[in-house]
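Asks: My questions will all concern the structure given below.
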Amino acid sequence: IKTIGILTSGGDAPGMNAAIRAVTRGGIYNGFNIKGIYRGYDGLINDEIKPFTTENVSGIINRGGTILKTARSKEFETPEGREKAYKNIQDEGIDALVIIGGNGSLTGAMIFAQEYDIPCIGLPGTIDNDLYGTDNTIGYDTTLNTIVECVDRIRDTAQSHERIFFVEVMGRDAGFLAQNSAIATGAEAAIIPEDSTDVDQLQNFMERGIRKSKKSCIVIVSESPKCGALYYADRVKKEFPGYDVRVSILGHLQRGGSPSARDRILASRTGVGAIEAIMQGQRNIMVGVRNNEVVYVPFADAIRSDKPFDRKLITVLDELSI
Ligand code: F6P
């Protein structure tokens, strides 16, 4: 292997630039050529590829977003799209690919690697923290801190007006951001997908305490197409009249901003880990960090939908929000 191509794909996450830097510099340090692929898999298909030197990644470790741009490529989901991508890989002399992205991006990498003879290494880049086999994903810590900062501000106004606030946070199908930001902000409750099987979480929460002791409160709601923050706010208005209810949907401000030290370090460690994996002849794995050790996780495991969610986190919030 002489030349390594690198791309970012799916939703951007703070720390992706630090990961691009780590793969580029770690690769060059170990004698590889690096090529940057722009706009995710679309850039592979459309041949938006250029050689990277150490200078290409100077001054980016502290920057949010991704200098390589990103996309959710529809074309790469088709066999024809992947065929074009492979042809460009061959024409560009790329011998291995590093893909920084979340669940969808690593699923794409897994399929590609099954069809074509190209070693693919993934780095867990997503704010959602929903990749199995790594304790945290790149971007998760920064976003968690951003949410905490926003909710602290919302609490000031919630208390002043004695209001119930439903604050909606991202996470796709995972409640890590919601549950942990609720604990970190002292929120009164979190409504998360992991806890929505049989109990009505809103009913539970309203009966448990708000009536007794508190006039203002914050409920963090994990995004959901059907039952997000607006849905719960409407229900409170109808089912528990007498409360002054407001909704705040934090949206994409959660994805931006300078990465935290933790995310920069995770990105740097896994980026160097990706180069080591290539040197060891590994293929079709995601590099993660578990129990503070760099680990290699097969793609099929990384994209599993059942990343363990510590249910004690629910108890912690419940006990502390009395
Ligand atoms: O996967 C990252 C994420 O931010 C999710 O939390 C969210 O559901 C989604 O991406 C939003 O995607 P888009 O930026 O395409 O609207």
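Letters for chains follow the order of the structure tokens (A, B, ...), residue numbers begin at 1 for each chain, and ligand numbers begin at 1 in the order shown.
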Would you list the contacts of Thr54 (chain A) as a compact mmCIF listing (two decimals) with C-alpha atoms, in the first residue's frame, taking every protein, DNA or RNA residue within 8 Å and counting only C-alpha atoms, but skipping same-chain residues closer than 4 positions in sequence?
Replies:
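As a result, around-v1.txt now contains:
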# COMPACT_ATOMS: atom_id res chain seq x y z
CA ARG A 21 -5.03 15.92 10.21
CA THR A 24 -2.67 12.77 6.88
CA ARG A 25 0.26 13.44 9.17
CA ILE A 28 3.03 10.89 5.72
CA SER A 58 -2.15 22.96 9.15
Asks: Within 9 Å of ligand 1, counting only C-alpha atoms and all ligand atoms: which residues, as a count of residues only?
Replies: 27
Asks: Smallest atom-to-atom distance to Arg155 (chain A): which of A:Ile100, A:Ala19, A:Cys217, A:Ala189, using only C-alpha atoms?
Replies: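 Between A:Ile100, A:Ala19, A:Cys217, A:Ala189, the residue approaching Arg155 (chain A) most closely is A:Cys217.
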Asks: In terms of the shortest atom-to-atom distance over only C-alpha atoms, which of A:Gln201, A:Thr70, A:Thr3, A:Gln179 is closest to Ile99 (chain A)?
Replies: A:Thr70
Asks: Using only C-alpha atoms, which protein or nucleic acid residues come within 12 Å of Leu250 (chain A)? Drop anything in the same chain fewer than 5 positions from it, and give the result as a PyMOL selection string.
Replies: chain A and resi 143-144+146-151+154+166-171+178+220-223+228-229+255-256
Asks: For the contact check between region 25-72 of chain A and region 260-279 of chain A, emit one row per residue of region 25-72 of chain A within 12 Å, containing the shortest atom pair and the distance in Å rounded to one decimal, counting only C-alpha atoms, chain then rising number order, as a Markdown table.
Replies:
| residue | atom | partner | partner_atom | distance |
| --- | --- | --- | --- | --- |
| A:Arg25 | CA | A:Val272 | CA | 8.4 |
| A:Gly26 | CA | A:Val272 | CA | 5.4 |
| A:Gly27 | CA | A:Ile275 | CA | 5.9 |
| A:Ile28 | CA | A:Ile275 | CA | 9.6 |
| A:Tyr29 | CA | A:Ile275 | CA | 9.9 |
| A:Asn30 | CA | A:Ile275 | CA | 8.1 |
| A:Gly31 | CA | A:Ile275 | CA | 10.5 |
| A:Phe32 | CA | A:Ile275 | CA | 9.2 |
| A:Asn33 | CA | A:Ile275 | CA | 11.6 |
| A:Ile34 | CA | A:Ile275 | CA | 10.9 |
| A:Ile60 | CA | A:Arg264 | CA | 10.6 |
| A:Ile61 | CA | A:Arg264 | CA | 7.0 |
| A:Asn62 | CA | A:Arg264 | CA | 7.9 |
| A:Arg63 | CA | A:Arg264 | CA | 10.0 |
| A:Gly64 | CA | A:Ser260 | CA | 9.8 |
Asks: From a DSSP calculation on the backbone, collect every residue of region 37-286 of chain A in helix (DSSP H, G or I) and output the set as JSON, numbers by chain.
Replies: {"A": [40, 41, 42, 43, 44, 45, 54, 55, 56, 57, 75, 76, 77, 79, 80, 81, 82, 83, 84, 85, 86, 87, 88, 89, 90, 91, 103, 104, 105, 106, 107, 108, 109, 110, 111, 112, 113, 114, 115, 140, 141, 142, 143, 144, 145, 146, 147, 148, 149, 150, 151, 152, 153, 154, 155, 156, 157, 158, 159, 160, 161, 176, 177, 178, 179, 180, 181, 182, 183, 184, 185, 193, 194, 195, 201, 202, 203, 204, 205, 206, 207, 208, 209, 210, 211, 212, 213, 229, 230, 231, 232, 233, 234, 235, 236, 237, 238, 239, 251, 252, 253, 254, 261, 262, 263, 264, 265, 266, 267, 268, 269, 270, 271, 272, 273, 274, 275, 276, 277, 278, 279]}
Asks: Mind dumping the selected residues with C-alpha atoms as a compact mmCIF listing (two decimals), in the first residue's frame?
Replies:
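Writing the result to out.txt gives the following:
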# COMPACT_ATOMS: atom_id res chain seq x y z
CA GLY A 40 -17.71 12.22 0.83
CA TYR A 41 -18.50 9.30 -1.46
CA ASP A 42 -19.79 11.77 -4.07
CA GLY A 43 -16.21 12.99 -4.44
CA LEU A 44 -15.05 9.44 -5.13
CA ILE A 45 -17.71 9.07 -7.81
CA THR A 54 1.20 18.24 5.84
CA GLU A 55 0.40 21.86 4.95
CA ASN A 56 -3.10 20.95 3.80
CA VAL A 57 -3.94 20.09 7.38
CA GLU A 75 -25.40 7.54 -5.77
CA PHE A 76 -23.00 5.49 -3.65
CA GLU A 77 -26.00 3.45 -2.50
CA PRO A 79 -24.02 -0.55 -7.58
CA GLU A 80 -23.40 1.78 -10.55
CA GLY A 81 -22.24 4.56 -8.21
CA ARG A 82 -19.86 2.22 -6.39
CA GLU A 83 -18.50 0.97 -9.70
CA LYS A 84 -17.65 4.56 -10.74
CA ALA A 85 -16.07 5.13 -7.34
CA TYR A 86 -13.87 2.05 -7.69
CA LYS A 87 -12.78 3.06 -11.18
CA ASN A 88 -11.65 6.47 -9.87
CA ILE A 89 -9.85 4.82 -6.97
CA GLN A 90 -7.89 2.74 -9.47
CA ASP A 91 -7.20 5.69 -11.77
CA ASN A 103 -23.47 4.60 10.90
CA GLY A 104 -24.60 5.17 7.30
CA SER A 105 -21.10 6.01 6.12
CA LEU A 106 -19.55 2.90 7.65
CA THR A 107 -22.37 0.75 6.26
CA GLY A 108 -21.46 2.13 2.82
CA ALA A 109 -17.80 1.32 3.45
CA MET A 110 -18.67 -2.23 4.48
CA ILE A 111 -20.70 -2.88 1.33
CA PHE A 112 -18.00 -1.33 -0.86
CA ALA A 113 -15.29 -3.45 0.75
CA GLN A 114 -17.36 -6.60 0.21
CA GLU A 115 -17.70 -5.83 -3.50
CA TYR A 140 -20.06 13.53 20.77
CA ASP A 141 -18.23 15.23 23.64
CA THR A 142 -18.20 18.64 21.97
CA THR A 143 -21.90 18.45 21.15
CA LEU A 144 -22.73 17.34 24.67
CA ASN A 145 -20.91 20.40 26.01
CA THR A 146 -22.64 22.68 23.52
CA ILE A 147 -26.03 21.37 24.61
CA VAL A 148 -25.11 21.89 28.26
CA GLU A 149 -24.17 25.49 27.58
CA CYS A 150 -27.47 26.12 25.77
CA VAL A 151 -29.61 24.45 28.42
CA ASP A 152 -27.90 26.40 31.21
CA ARG A 153 -29.05 29.56 29.43
CA ILE A 154 -32.55 28.24 28.90
CA ARG A 155 -32.79 27.46 32.60
CA ASP A 156 -32.22 31.13 33.47
CA THR A 157 -35.28 32.19 31.55
CA ALA A 158 -37.31 29.10 32.51
CA GLN A 159 -36.84 29.86 36.19
CA SER A 160 -37.56 33.56 35.80
CA HIS A 161 -40.89 32.87 34.07
CA PHE A 176 -26.89 9.40 24.63
CA LEU A 177 -26.90 13.15 24.00
CA ALA A 178 -30.32 13.61 25.61
CA GLN A 179 -29.76 11.49 28.71
CA ASN A 180 -26.28 12.74 29.49
CA SER A 181 -27.05 16.40 28.81
CA ALA A 182 -30.06 16.05 31.14
CA ILE A 183 -27.80 14.73 33.90
CA ALA A 184 -25.19 17.41 33.28
CA THR A 185 -27.67 20.29 33.34
CA PRO A 193 -35.74 6.27 22.54
CA GLU A 194 -34.05 3.66 24.75
CA ASP A 195 -36.78 4.10 27.36
CA GLN A 201 -42.47 8.81 29.86
CA LEU A 202 -44.38 12.08 29.97
CA GLN A 203 -47.17 10.73 32.15
CA ASN A 204 -44.56 9.21 34.40
CA PHE A 205 -42.70 12.42 34.78
CA MET A 206 -45.72 14.68 35.35
CA GLU A 207 -47.05 12.35 38.02
CA ARG A 208 -43.70 11.83 39.63
CA GLY A 209 -42.99 15.26 40.77
CA ILE A 210 -43.41 18.42 38.88
CA ARG A 211 -46.74 19.22 40.50
CA LYS A 212 -45.37 18.82 44.00
CA SER A 213 -42.25 20.80 44.19
CA ALA A 229 -40.44 18.38 21.84
CA LEU A 230 -43.46 19.95 20.08
CA TYR A 231 -45.48 16.76 20.55
CA TYR A 232 -44.83 16.66 24.30
CA ALA A 233 -45.44 20.38 24.74
CA ASP A 234 -48.82 20.01 23.02
CA ARG A 235 -49.73 17.10 25.23
CA VAL A 236 -48.90 19.01 28.42
CA LYS A 237 -51.02 21.91 27.24
CA LYS A 238 -53.97 19.55 26.67
CA GLU A 239 -53.55 17.01 29.45
CA GLY A 251 -31.01 22.08 15.79
CA HIS A 252 -27.80 22.37 13.87
CA LEU A 253 -26.04 24.69 16.27
CA GLN A 254 -25.30 21.42 18.08
CA ALA A 261 -9.93 18.55 23.96
CA ARG A 262 -11.45 15.08 24.37
CA ASP A 263 -12.66 14.99 20.76
CA ARG A 264 -9.34 16.26 19.43
CA ILE A 265 -7.49 13.57 21.35
CA LEU A 266 -9.92 10.82 20.29
CA ALA A 267 -9.59 11.95 16.66
CA SER A 268 -5.80 12.03 16.89
CA ARG A 269 -5.55 8.61 18.52
CA THR A 270 -7.95 6.90 16.14
CA GLY A 271 -6.38 8.66 13.14
CA VAL A 272 -2.95 7.32 14.02
CA GLY A 273 -4.65 3.98 14.81
CA ALA A 274 -6.05 3.90 11.26
CA ILE A 275 -2.56 4.18 9.77
CA GLU A 276 -1.28 1.47 12.11
CA ALA A 277 -4.21 -0.74 11.08
CA ILE A 278 -3.29 -0.33 7.42
CA MET A 279 0.36 -1.16 8.18
Asks: Choose the residue, out of A:Leu7, A:Met16, A:Ala96, A:Val23, that has the smallest atom-to-atom separation from Glu48 (chain A); count only C-alpha atoms.
Replies: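 Counting only C-alpha atoms, the residue closest to Glu48 (chain A) is A:Leu7.
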Asks: Could you state the separation of CA of Asp310 (chain A) and CA of Arg290 (chain A) in Å, given to one decimal place?
Replies: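 Those two atoms sit 15.0 Å apart.
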Asks: Point out the residue among A:Ile49, A:Ala18, A:Leu97, A:Leu131 with the least atom-to-atom distance to Ile4 (chain A), counting only C-alpha atoms.
Replies: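 Smallest distance to Ile4 (chain A) is found for A:Leu97.
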Asks: Please measure the separation of CA of Gly288 (chain A) and CA of Asn136 (chain A), giving the value in Å to one decimal.
Replies: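 We find that CA of Gly288 (chain A) and CA of Asn136 (chain A) lie 7.9 Å from each other.
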